[in-house]
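What follows is structure.cif (mmCIF, C-alpha atoms).
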data_protein
#
loop_
_atom_site.group_PDB
_atom_site.id
_atom_site.type_symbol
_atom_site.label_atom_id
_atom_site.label_comp_id
_atom_site.auth_asym_id
_atom_site.auth_seq_id
_atom_site.Cartn_x
_atom_site.Cartn_y
_atom_site.Cartn_z
ATOM 1 C CA MET A 212 38.257 -167.284 -208.356
ATOM 2 C CA LEU A 213 39.148 -163.609 -208.364
ATOM 3 C CA ASP A 214 40.613 -164.032 -211.829
ATOM 4 C CA LYS A 215 37.411 -165.606 -213.017
ATOM 5 C CA LEU A 216 35.456 -162.610 -211.691
ATOM 6 C CA ARG A 217 37.870 -160.204 -213.348
ATOM 7 C CA MET A 218 37.569 -162.072 -216.646
ATOM 8 C CA ALA A 219 33.802 -161.947 -216.357
ATOM 9 C CA GLU A 220 33.972 -158.233 -215.542
ATOM 10 C CA GLN A 221 35.913 -157.650 -218.728
ATOM 11 C CA PHE A 222 33.440 -159.820 -220.587
ATOM 12 C CA ILE A 223 30.499 -157.657 -219.447
ATOM 13 C CA ALA A 224 32.460 -154.482 -220.230
ATOM 14 C CA ALA A 225 33.044 -155.829 -223.745
ATOM 15 C CA LEU A 226 29.305 -156.116 -224.420
ATOM 16 C CA PRO A 227 28.694 -152.713 -226.001
ATOM 17 C CA TYR A 228 25.108 -152.260 -224.841
ATOM 18 C CA SER A 229 25.821 -153.369 -221.268
ATOM 19 C CA ALA A 230 28.720 -150.908 -221.244
ATOM 20 C CA ALA A 231 26.470 -148.174 -222.702
ATOM 21 C CA LEU A 232 24.118 -148.612 -219.745
ATOM 22 C CA GLY A 233 27.056 -148.519 -217.314
ATOM 23 C CA MET A 234 26.469 -152.031 -215.963
ATOM 24 C CA LYS A 235 28.854 -153.331 -213.334
ATOM 25 C CA LEU A 236 29.399 -156.967 -212.392
ATOM 26 C CA GLU A 237 29.281 -157.293 -208.608
ATOM 27 C CA GLU A 238 29.309 -161.040 -208.116
ATOM 28 C CA LEU A 239 29.532 -164.171 -210.225
ATOM 29 C CA ASN A 240 29.593 -167.685 -208.925
ATOM 30 C CA ASP A 241 28.268 -171.001 -210.203
ATOM 31 C CA GLY A 242 24.997 -169.980 -211.788
ATOM 32 C CA VAL A 243 24.438 -166.868 -209.692
ATOM 33 C CA SER A 244 25.191 -163.406 -210.973
ATOM 34 C CA VAL A 245 24.751 -159.905 -209.516
ATOM 35 C CA ILE A 246 24.947 -156.903 -211.841
ATOM 36 C CA SER A 247 24.124 -153.269 -211.075
ATOM 37 C CA MET A 248 23.249 -150.264 -213.210
ATOM 38 C CA PRO A 249 23.566 -146.613 -212.179
ATOM 39 C CA TYR A 250 20.685 -144.136 -212.299
ATOM 40 C CA ASP A 251 21.137 -141.998 -215.390
ATOM 41 C CA GLU A 252 18.810 -139.280 -216.707
ATOM 42 C CA ARG A 253 19.270 -140.615 -220.234
ATOM 43 C CA PHE A 254 17.521 -143.853 -219.211
ATOM 44 C CA VAL A 255 14.381 -142.122 -217.901
ATOM 45 C CA GLY A 256 11.090 -143.457 -219.272
ATOM 46 C CA ASP A 257 8.627 -141.105 -217.598
ATOM 47 C CA PRO A 258 9.818 -137.498 -217.699
ATOM 48 C CA ARG A 259 7.237 -136.393 -215.104
ATOM 49 C CA THR A 260 8.492 -138.745 -212.425
ATOM 50 C CA GLY A 261 12.114 -139.337 -213.490
ATOM 51 C CA VAL A 262 11.564 -143.092 -213.253
ATOM 52 C CA ILE A 263 13.889 -145.346 -215.300
ATOM 53 C CA HIS A 264 12.336 -146.901 -218.414
ATOM 54 C CA GLY A 265 11.290 -150.537 -218.129
ATOM 55 C CA GLY A 266 13.392 -151.290 -221.205
ATOM 56 C CA ALA A 267 16.591 -150.378 -219.361
ATOM 57 C CA VAL A 268 15.559 -152.656 -216.482
ATOM 58 C CA SER A 269 14.870 -155.418 -219.048
ATOM 59 C CA ALA A 270 18.346 -154.935 -220.497
ATOM 60 C CA LEU A 271 19.835 -155.290 -216.999
ATOM 61 C CA MET A 272 17.756 -158.417 -216.294
ATOM 62 C CA ASP A 273 18.677 -159.985 -219.647
ATOM 63 C CA THR A 274 22.402 -159.358 -219.134
ATOM 64 C CA CYS A 275 22.280 -160.649 -215.568
ATOM 65 C CA CYS A 276 20.388 -163.818 -216.549
ATOM 66 C CA GLY A 277 22.807 -164.479 -219.435
ATOM 67 C CA ALA A 278 25.785 -164.062 -217.083
ATOM 68 C CA ALA A 279 24.210 -166.480 -214.603
ATOM 69 C CA VAL A 280 23.886 -169.106 -217.358
ATOM 70 C CA MET A 281 27.493 -168.590 -218.473
ATOM 71 C CA SER A 282 28.792 -169.023 -214.936
ATOM 72 C CA HIS A 283 26.935 -172.289 -214.322
ATOM 73 C CA ARG A 284 29.161 -175.224 -213.397
ATOM 74 C CA SER A 285 28.063 -177.096 -216.529
ATOM 75 C CA ASN A 286 30.217 -174.580 -218.408
ATOM 76 C CA PRO A 287 28.126 -173.656 -221.453
ATOM 77 C CA GLY A 288 30.121 -172.318 -224.400
ATOM 78 C CA GLY A 289 27.579 -169.614 -225.079
ATOM 79 C CA THR A 290 23.972 -168.640 -224.533
ATOM 80 C CA ALA A 291 21.149 -166.648 -226.094
ATOM 81 C CA THR A 292 17.766 -165.620 -224.711
ATOM 82 C CA ILE A 293 14.853 -167.788 -225.838
ATOM 83 C CA ASP A 294 12.229 -166.118 -223.693
ATOM 84 C CA LEU A 295 12.159 -163.573 -220.902
ATOM 85 C CA ARG A 296 9.230 -162.386 -218.821
ATOM 86 C CA ILE A 297 9.525 -159.354 -216.590
ATOM 87 C CA GLU A 298 7.134 -158.196 -213.902
ATOM 88 C CA TYR A 299 7.356 -154.607 -212.772
ATOM 89 C CA LEU A 300 6.356 -154.762 -209.140
ATOM 90 C CA ARG A 301 6.883 -151.162 -208.168
ATOM 91 C CA ILE A 302 8.482 -147.955 -209.350
ATOM 92 C CA ALA A 303 12.263 -147.758 -208.889
ATOM 93 C CA LYS A 304 13.196 -144.679 -206.842
ATOM 94 C CA PRO A 305 14.689 -141.995 -209.100
ATOM 95 C CA GLY A 306 18.364 -141.404 -208.371
ATOM 96 C CA GLN A 307 19.002 -144.888 -207.030
ATOM 97 C CA ARG A 308 21.182 -147.639 -208.441
ATOM 98 C CA ILE A 309 19.368 -150.790 -209.582
ATOM 99 C CA THR A 310 20.922 -154.152 -208.770
ATOM 100 C CA ALA A 311 19.790 -157.408 -210.344
ATOM 101 C CA ARG A 312 20.489 -160.887 -209.014
ATOM 102 C CA ALA A 313 19.939 -163.850 -211.313
ATOM 103 C CA GLU A 314 20.037 -167.530 -210.519
ATOM 104 C CA CYS A 315 20.355 -170.234 -213.152
ATOM 105 C CA TYR A 316 18.513 -172.973 -211.280
ATOM 106 C CA HIS A 317 18.373 -175.734 -213.865
ATOM 107 C CA VAL A 318 20.359 -176.651 -216.960
ATOM 108 C CA THR A 319 19.651 -179.382 -219.495
ATOM 109 C CA ARG A 320 21.709 -180.279 -222.573
ATOM 110 C CA SER A 321 20.009 -177.510 -224.560
ATOM 111 C CA VAL A 322 18.180 -175.187 -222.183
ATOM 112 C CA ALA A 323 19.011 -173.154 -219.084
ATOM 113 C CA PHE A 324 16.264 -171.880 -216.768
ATOM 114 C CA VAL A 325 16.823 -168.637 -214.901
ATOM 115 C CA ARG A 326 14.996 -166.403 -212.438
ATOM 116 C CA ALA A 327 15.997 -162.939 -211.325
ATOM 117 C CA THR A 328 15.009 -160.078 -209.064
ATOM 118 C CA ALA A 329 15.980 -156.407 -209.162
ATOM 119 C CA HIS A 330 16.225 -154.022 -206.213
ATOM 120 C CA ASP A 331 16.888 -150.320 -205.827
ATOM 121 C CA GLU A 332 18.663 -148.960 -202.730
ATOM 122 C CA GLU A 333 15.404 -148.574 -200.856
ATOM 123 C CA ASP A 334 14.517 -151.829 -199.048
ATOM 124 C CA ASP A 335 14.058 -155.558 -199.453
ATOM 125 C CA ASN A 336 11.012 -155.114 -201.633
ATOM 126 C CA PRO A 337 12.105 -155.850 -205.242
ATOM 127 C CA VAL A 338 11.267 -153.442 -208.082
ATOM 128 C CA ALA A 339 11.041 -156.215 -210.675
ATOM 129 C CA THR A 340 11.233 -159.974 -211.085
ATOM 130 C CA ALA A 341 12.043 -161.986 -214.201
ATOM 131 C CA THR A 342 12.006 -165.553 -215.423
ATOM 132 C CA GLY A 343 13.614 -166.734 -218.602
ATOM 133 C CA SER A 344 14.842 -169.661 -220.620
ATOM 134 C CA PHE A 345 18.136 -169.525 -222.461
ATOM 135 C CA THR A 346 19.906 -171.654 -225.055
ATOM 136 C CA VAL A 347 22.922 -173.744 -224.076
ATOM 137 C CA GLU A 348 25.569 -173.670 -226.797
ATOM 138 C CA GLY A 349 28.411 -176.203 -227.097
ATOM 139 C CA ARG A 350 30.286 -176.924 -223.875
ATOM 140 C CA ARG A 351 33.735 -175.413 -223.566
ATOM 141 C CA MET B 207 -14.404 -129.018 -234.849
ATOM 142 C CA SER B 208 -18.020 -129.409 -235.898
ATOM 143 C CA VAL B 209 -19.258 -132.807 -236.967
ATOM 144 C CA ARG B 210 -20.888 -131.799 -240.231
ATOM 145 C CA GLY B 211 -18.654 -128.870 -241.073
ATOM 146 C CA LYS B 212 -16.278 -128.751 -243.967
ATOM 147 C CA PRO B 213 -13.418 -131.258 -243.499
ATOM 148 C CA GLU B 214 -10.223 -129.729 -242.155
ATOM 149 C CA ALA B 215 -7.411 -128.971 -244.552
ATOM 150 C CA VAL B 216 -4.992 -131.893 -244.813
ATOM 151 C CA GLN B 217 -1.984 -129.865 -243.643
ATOM 152 C CA VAL B 218 -3.853 -128.764 -240.507
ATOM 153 C CA VAL B 219 -4.683 -132.375 -239.657
ATOM 154 C CA LYS B 220 -1.154 -133.588 -240.353
ATOM 155 C CA LYS B 221 0.438 -130.806 -238.371
ATOM 156 C CA ARG B 222 -1.739 -131.498 -235.335
ATOM 157 C CA ARG B 223 -1.056 -135.234 -235.395
ATOM 158 C CA ASP B 224 2.651 -134.947 -236.141
ATOM 159 C CA SER B 225 3.295 -132.387 -233.416
ATOM 160 C CA ALA B 226 1.377 -134.440 -230.865
ATOM 161 C CA LEU B 227 3.383 -137.540 -231.786
ATOM 162 C CA ARG B 228 6.625 -135.586 -231.618
ATOM 163 C CA ALA B 229 5.760 -134.199 -228.193
ATOM 164 C CA LEU B 230 4.886 -137.693 -226.963
ATOM 165 C CA VAL B 231 8.101 -139.285 -228.268
ATOM 166 C CA ASP B 232 10.529 -136.433 -227.549
ATOM 167 C CA GLY B 233 9.376 -136.266 -223.936
ATOM 168 C CA VAL B 234 10.998 -139.615 -223.126
ATOM 169 C CA PRO B 235 14.787 -139.464 -222.607
ATOM 170 C CA TYR B 236 15.313 -143.216 -223.042
ATOM 171 C CA ILE B 237 13.724 -143.079 -226.541
ATOM 172 C CA LYS B 238 16.254 -140.416 -227.478
ATOM 173 C CA PHE B 239 19.078 -142.498 -225.957
ATOM 174 C CA LEU B 240 18.107 -145.361 -228.281
ATOM 175 C CA GLY B 241 17.364 -143.080 -231.257
ATOM 176 C CA ILE B 242 13.954 -144.682 -231.881
ATOM 177 C CA GLU B 243 11.744 -142.899 -234.415
ATOM 178 C CA PHE B 244 8.088 -143.354 -235.324
ATOM 179 C CA ASP B 245 6.581 -143.408 -238.774
ATOM 180 C CA ARG B 246 2.898 -142.414 -238.780
ATOM 181 C CA ARG B 247 0.357 -143.383 -241.433
ATOM 182 C CA GLY B 248 -3.019 -142.110 -240.244
ATOM 183 C CA ASP B 249 -3.321 -143.553 -236.748
ATOM 184 C CA GLU B 250 -0.934 -146.473 -237.453
ATOM 185 C CA LEU B 251 2.566 -146.253 -236.020
ATOM 186 C CA THR B 252 5.737 -148.123 -236.910
ATOM 187 C CA GLY B 253 8.724 -147.923 -234.600
ATOM 188 C CA ILE B 254 12.106 -147.637 -236.301
ATOM 189 C CA LEU B 255 15.379 -148.415 -234.538
ATOM 190 C CA PRO B 256 18.289 -147.183 -236.667
ATOM 191 C CA PHE B 257 21.294 -149.425 -236.014
ATOM 192 C CA SER B 258 24.092 -148.210 -233.782
ATOM 193 C CA GLU B 259 27.324 -149.986 -232.772
ATOM 194 C CA LYS B 260 26.454 -149.536 -229.100
ATOM 195 C CA PHE B 261 23.482 -151.934 -229.526
ATOM 196 C CA ILE B 262 25.673 -155.009 -229.916
ATOM 197 C CA GLY B 263 25.330 -157.615 -227.200
ATOM 198 C CA ASN B 264 27.575 -160.298 -228.563
ATOM 199 C CA PRO B 265 30.662 -158.850 -230.299
ATOM 200 C CA MET B 266 31.618 -162.278 -231.670
ATOM 201 C CA LEU B 267 28.313 -162.714 -233.510
ATOM 202 C CA SER B 268 27.624 -158.998 -233.973
ATOM 203 C CA ALA B 269 24.103 -159.609 -232.681
ATOM 204 C CA LEU B 270 21.807 -157.021 -231.118
ATOM 205 C CA HIS B 271 21.741 -157.101 -227.305
ATOM 206 C CA GLY B 272 18.575 -158.765 -226.017
ATOM 207 C CA GLY B 273 18.068 -155.693 -223.855
ATOM 208 C CA VAL B 274 18.011 -153.426 -226.911
ATOM 209 C CA THR B 275 15.354 -155.624 -228.495
ATOM 210 C CA ALA B 276 13.379 -155.660 -225.232
ATOM 211 C CA SER B 277 13.626 -151.879 -224.910
ATOM 212 C CA PHE B 278 12.622 -151.288 -228.525
ATOM 213 C CA LEU B 279 9.535 -153.502 -228.181
ATOM 214 C CA GLU B 280 8.489 -151.962 -224.878
ATOM 215 C CA VAL B 281 8.941 -148.421 -226.216
ATOM 216 C CA THR B 282 6.885 -149.257 -229.329
ATOM 217 C CA SER B 283 4.138 -150.793 -227.171
ATOM 218 C CA ILE B 284 3.934 -147.822 -224.807
ATOM 219 C CA ILE B 285 3.939 -145.188 -227.552
ATOM 220 C CA THR B 286 1.368 -147.085 -229.662
ATOM 221 C CA LEU B 287 -0.830 -147.491 -226.591
ATOM 222 C CA SER B 288 -0.553 -143.816 -225.582
ATOM 223 C CA TRP B 289 -1.219 -142.797 -229.154
ATOM 224 C CA ALA B 290 -4.443 -144.843 -229.276
ATOM 225 C CA TYR B 291 -5.430 -143.509 -225.866
ATOM 226 C CA LEU B 292 -4.994 -139.853 -226.761
ATOM 227 C CA TRP B 293 -6.193 -140.049 -230.383
ATOM 228 C CA ASP B 294 -9.870 -139.224 -229.719
ATOM 229 C CA ASP B 295 -9.032 -136.326 -227.390
ATOM 230 C CA LEU B 296 -6.521 -135.019 -229.901
ATOM 231 C CA GLU B 297 -9.025 -135.147 -232.759
ATOM 232 C CA ALA B 298 -11.739 -133.605 -230.590
ATOM 233 C CA GLY B 299 -9.441 -130.719 -229.716
ATOM 234 C CA ILE B 300 -9.361 -131.619 -225.999
ATOM 235 C CA ILE B 301 -5.598 -132.070 -226.259
ATOM 236 C CA LYS B 302 -4.128 -128.903 -227.700
ATOM 237 C CA VAL B 303 -0.754 -128.893 -229.364
ATOM 238 C CA ASP B 304 0.551 -125.487 -230.267
ATOM 239 C CA ALA B 305 4.052 -124.588 -231.307
ATOM 240 C CA GLU B 306 4.681 -122.441 -228.221
ATOM 241 C CA GLY B 307 3.303 -124.210 -225.182
ATOM 242 C CA GLU B 308 3.727 -127.752 -223.935
ATOM 243 C CA PRO B 309 0.846 -129.938 -225.066
ATOM 244 C CA ASN B 310 -1.324 -131.184 -222.229
ATOM 245 C CA LEU B 311 -0.559 -134.842 -222.907
ATOM 246 C CA PRO B 312 -1.898 -137.509 -220.547
ATOM 247 C CA ARG B 313 0.539 -139.541 -218.445
ATOM 248 C CA LEU B 314 2.151 -142.620 -219.960
ATOM 249 C CA PRO B 315 0.813 -146.132 -219.316
ATOM 250 C CA LYS B 316 2.822 -148.157 -216.795
ATOM 251 C CA THR B 317 4.133 -151.602 -217.687
ATOM 252 C CA ILE B 318 2.761 -154.359 -215.446
ATOM 253 C CA ASP B 319 4.546 -157.221 -217.187
ATOM 254 C CA PHE B 320 6.296 -157.834 -220.480
ATOM 255 C CA THR B 321 7.016 -161.227 -222.049
ATOM 256 C CA LEU B 322 9.516 -161.491 -224.862
ATOM 257 C CA ASP B 323 10.038 -164.198 -227.404
ATOM 258 C CA TYR B 324 13.460 -164.029 -229.059
ATOM 259 C CA LEU B 325 12.798 -165.763 -232.363
ATOM 260 C CA ARG B 326 16.160 -165.252 -234.069
ATOM 261 C CA SER B 327 19.201 -163.159 -233.351
ATOM 262 C CA GLY B 328 18.988 -159.467 -234.202
ATOM 263 C CA LEU B 329 21.293 -158.492 -237.063
ATOM 264 C CA PRO B 330 23.494 -155.374 -237.024
ATOM 265 C CA ARG B 331 21.021 -153.304 -239.043
ATOM 266 C CA ASP B 332 17.839 -151.249 -238.636
ATOM 267 C CA ALA B 333 14.840 -152.850 -236.956
ATOM 268 C CA TYR B 334 11.125 -152.139 -237.203
ATOM 269 C CA ALA B 335 8.246 -152.828 -234.849
ATOM 270 C CA ARG B 336 4.492 -152.536 -234.884
ATOM 271 C CA ALA B 337 2.193 -153.076 -231.907
ATOM 272 C CA ARG B 338 -1.389 -154.304 -231.869
ATOM 273 C CA ILE B 339 -3.671 -153.380 -229.010
ATOM 274 C CA ASN B 340 -5.703 -156.431 -228.110
ATOM 275 C CA ARG B 341 -7.593 -154.681 -225.377
ATOM 276 C CA LEU B 342 -7.708 -151.111 -224.162
ATOM 277 C CA GLY B 343 -9.839 -150.942 -221.059
ATOM 278 C CA ARG B 344 -10.288 -148.166 -218.535
ATOM 279 C CA ARG B 345 -7.605 -149.541 -216.230
ATOM 280 C CA TYR B 346 -5.761 -152.297 -218.063
ATOM 281 C CA ALA B 347 -4.506 -152.792 -221.588
ATOM 282 C CA SER B 348 -3.057 -155.800 -223.383
ATOM 283 C CA VAL B 349 -0.640 -155.260 -226.253
ATOM 284 C CA GLN B 350 1.164 -157.543 -228.679
ATOM 285 C CA VAL B 351 4.181 -156.343 -230.632
ATOM 286 C CA ASP B 352 6.182 -157.726 -233.582
ATOM 287 C CA ALA B 353 9.706 -156.780 -234.618
ATOM 288 C CA TRP B 354 11.453 -157.523 -237.882
ATOM 289 C CA GLN B 355 14.469 -156.380 -239.865
ATOM 290 C CA ASP B 356 14.820 -157.129 -243.565
ATOM 291 C CA ASN B 357 11.668 -159.190 -244.060
ATOM 292 C CA ARG B 358 8.309 -158.310 -242.579
ATOM 293 C CA ASP B 359 7.417 -162.026 -242.511
ATOM 294 C CA LYS B 360 10.539 -163.056 -240.609
ATOM 295 C CA LEU B 361 10.051 -161.667 -237.126
ATOM 296 C CA PHE B 362 13.183 -161.616 -234.963
ATOM 297 C CA ALA B 363 11.244 -160.915 -231.785
ATOM 298 C CA GLN B 364 7.722 -160.749 -230.501
ATOM 299 C CA ALA B 365 6.279 -159.691 -227.154
ATOM 300 C CA THR B 366 3.081 -159.372 -225.160
ATOM 301 C CA GLY B 367 2.647 -156.885 -222.375
ATOM 302 C CA HIS B 368 0.064 -155.695 -219.893
ATOM 303 C CA PHE B 369 -0.183 -152.056 -218.947
ATOM 304 C CA LEU B 370 -1.874 -149.922 -216.339
ATOM 305 C CA MET B 371 -3.601 -146.975 -218.010
ATOM 306 C CA PRO B 372 -3.464 -143.421 -216.661
ATOM 307 C CA GLN B 373 -6.732 -142.296 -215.103
ATOM 308 C CA ARG B 374 -8.919 -140.031 -217.232
ATOM 309 C CA ARG B 375 -9.184 -136.412 -216.216
ATOM 310 C CA ASP B 376 -12.891 -135.862 -215.739
#
How would this structure read if it were set down as structure tokens?
Amino acid sequence: MLDKLRMAEQFIAALPYSAALGMKLEELNDGVSVISMPYDERFVGDPRTGVIHGGAVSALMDTCCGAAVMSHRSNPGGTATIDLRIEYLRIAKPGQRITARAECYHVTRSVAFVRATAHDEEDDNPVATATGSFTVEGRR
Amino acid sequence: MSVRGKPEAVQVVKKRRDSALRALVDGVPYIKFLGIEFDRRGDELTGILPFSEKFIGNPMLSALHGGVTASFLEVTSIITLSWAYLWDDLEAGIIKVDAEGEPNLPRLPKTIDFTLDYLRSGLPRDAYARARINRLGRRYASVQVDAWQDNRDKLFAQATGHFLMPQRRD
């Protein structure tokens, strides 16, 4: 199990854009994935408040959802995003790490359905939620 | 700027608009991180994302990361929306852009939600995006955005988003 997590960690690190945003895999287990992203001034979207750009949060959500699909017990050989909807519930506190948790809750022969939430270090109130559908490529 | 006066010289108009756009775009660190540029023709904007190796999401397929596409579309939507929002004030001289001081630009719209349609995988090359504002109200705005690479007719992604507008300074 630990090896699987380490392999997945290396997999995320090998995705250039996920690596560029400093994403770190925290947990991965049968359709559930947890990935975090550090606060970085280069990712700021509103210079007056120092709040992270929604696009960076989208990138985190997309990566986390894709990882959740890949870790599903049905063992998809690959996946790509078909559709992703993100709701920005509140502003993420500047300076805080953002952690996304995605759950792949249903998989058919061709489609995987995923939902995700993202939190900062503040409290239980999420900063964003997402729902998406993903392709299911040939089984391994 | 008087209504019936002689029209302004073209270089004066261009300079005002280009410096306002530059101030708007350069103020956002994440736009710089991605290297997104904007091409302006009158009030119409086109976002340009010059390709970079760091944008790859799937090294095996050399495809753009879905997060890069999402970011590019959201950036293009927000800048296009801000641009439309400040255009009248800029032309009326309410927003002043001089070379020395910081322009008194309004705050940026805040994304409420953003829905992306990934139509085909992004190729390892430059991408372009143009946003259309379906509604710009006093509080809420609805924007649709298209992204393409080699062919304008073959979109690789499309999105719709809702935004909360900054409140007017009265």
Worksheet item: Taking all atoms listed in the file into account, which residues of chain A are within 9 Å of chain B, as an MDAnalysis selection string?
Response: chainID A and resid 225:231 252:259 263:274 291:301
Discussion item. I'd like the contact shell of B:Asp224 - 12 Å cut-off, all atoms listed in the file, skipping same-chain residues fewer than 3 positions apart - returned as JSON, numbers by chain.
Written reply: {"B": [216, 217, 218, 219, 220, 221, 227, 228, 229, 230, 231, 232, 244, 245, 246, 247, 248, 249, 251, 289, 293, 296, 303, 304, 305]}
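Those residues returned by the PyMOL selection byres ((chain A and resi 347) around 6) for this file are Pro287, Thr290, Ser321, Val322, Thr346 and Glu348 of chain A.
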Discussion item. Here's the selection I'm unsure about, the PyMOL selection byres ((chain A and resi 332) around 10); applied to the file above, which residues does it give, as a ChimeraX atom specification?
Written reply: /A:303-304,306-310,330-331,333-337
If we draw a sphere of 12 Å around (25.3, -172.6, -219.6), which residues have at least one atom in it when counting only C-alpha atoms? Please report them as an mmCIF file with C-alpha atoms, in the frame of the given file.
data_model
loop_
_atom_site.group_PDB
_atom_site.id
_atom_site.type_symbol
_atom_site.label_atom_id
_atom_site.label_comp_id
_atom_site.auth_asym_id
_atom_site.auth_seq_id
_atom_site.Cartn_x
_atom_site.Cartn_y
_atom_site.Cartn_z
ATOM 1 C CA ASP A 241 28.268 -171.001 -210.203
ATOM 2 C CA GLY A 242 24.997 -169.980 -211.788
ATOM 3 C CA VAL A 243 24.438 -166.868 -209.692
ATOM 4 C CA CYS A 276 20.388 -163.818 -216.549
ATOM 5 C CA GLY A 277 22.807 -164.479 -219.435
ATOM 6 C CA ALA A 278 25.785 -164.062 -217.083
ATOM 7 C CA ALA A 279 24.210 -166.480 -214.603
ATOM 8 C CA VAL A 280 23.886 -169.106 -217.358
ATOM 9 C CA MET A 281 27.493 -168.590 -218.473
ATOM 10 C CA SER A 282 28.792 -169.023 -214.936
ATOM 11 C CA HIS A 283 26.935 -172.289 -214.322
ATOM 12 C CA ARG A 284 29.161 -175.224 -213.397
ATOM 13 C CA SER A 285 28.063 -177.096 -216.529
ATOM 14 C CA ASN A 286 30.217 -174.580 -218.408
ATOM 15 C CA PRO A 287 28.126 -173.656 -221.453
ATOM 16 C CA GLY A 288 30.121 -172.318 -224.400
ATOM 17 C CA GLY A 289 27.579 -169.614 -225.079
ATOM 18 C CA THR A 290 23.972 -168.640 -224.533
ATOM 19 C CA ALA A 291 21.149 -166.648 -226.094
ATOM 20 C CA THR A 292 17.766 -165.620 -224.711
ATOM 21 C CA GLU A 314 20.037 -167.530 -210.519
ATOM 22 C CA CYS A 315 20.355 -170.234 -213.152
ATOM 23 C CA TYR A 316 18.513 -172.973 -211.280
ATOM 24 C CA HIS A 317 18.373 -175.734 -213.865
ATOM 25 C CA VAL A 318 20.359 -176.651 -216.960
ATOM 26 C CA THR A 319 19.651 -179.382 -219.495
ATOM 27 C CA ARG A 320 21.709 -180.279 -222.573
ATOM 28 C CA SER A 321 20.009 -177.510 -224.560
ATOM 29 C CA VAL A 322 18.180 -175.187 -222.183
ATOM 30 C CA ALA A 323 19.011 -173.154 -219.084
ATOM 31 C CA PHE A 324 16.264 -171.880 -216.768
ATOM 32 C CA VAL A 325 16.823 -168.637 -214.901
ATOM 33 C CA SER A 344 14.842 -169.661 -220.620
ATOM 34 C CA PHE A 345 18.136 -169.525 -222.461
ATOM 35 C CA THR A 346 19.906 -171.654 -225.055
ATOM 36 C CA VAL A 347 22.922 -173.744 -224.076
ATOM 37 C CA GLU A 348 25.569 -173.670 -226.797
ATOM 38 C CA GLY A 349 28.411 -176.203 -227.097
ATOM 39 C CA ARG A 350 30.286 -176.924 -223.875
ATOM 40 C CA ARG A 351 33.735 -175.413 -223.566
#
Centre, x/y/z edge lengths, axis-aligned box for stretch 279-290 of chain A with 3 Å per side, as JSON:
{"center_x": 27.1, "center_y": -171.8, "center_z": -219.2, "size_x": 12.3, "size_y": 16.6, "size_z": 17.7}
Worksheet entry | Residue with smallest distance to A:Ala313 - pool A:Tyr250, A:Met234, A:Thr342, A:Cys275, counting only C-alpha atoms |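 Looking at the shortest contact to A:Ala313, the residue is A:Cys275.
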Worksheet item: Residues picked by the PyMOL selection byres ((chain A and resi 238) around 10) here, as a ChimeraX atom specification?
Response: /A:216,219-220,235-237,239-240,243-247,279,312
Fill in: Spatial neighbours of B:Arg336, max dist 6 Å, all atoms listed in the file, sep filter under 5 positions, as a list in words
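Using all atoms listed in the file, the neighbours found are Thr252, Val351 and Asp352 of chain B.
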Worksheet item: What does the distance from atom CA of B:Asp359 to atom CA of B:Ile242 come to in Å, to one decimal?
Response: 21.4 Å
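Our summary of the geometry notes that atom CA of B:Ile300 is positioned 21.0 Å from atom CA of B:Ile284.
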Item to complete: Could you please determine the separation between atom CA of B:Gly241 and atom CA of B:Asp332 in Å, to one decimal place?
Response: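 Interatomic distance here is 11.0 Å.
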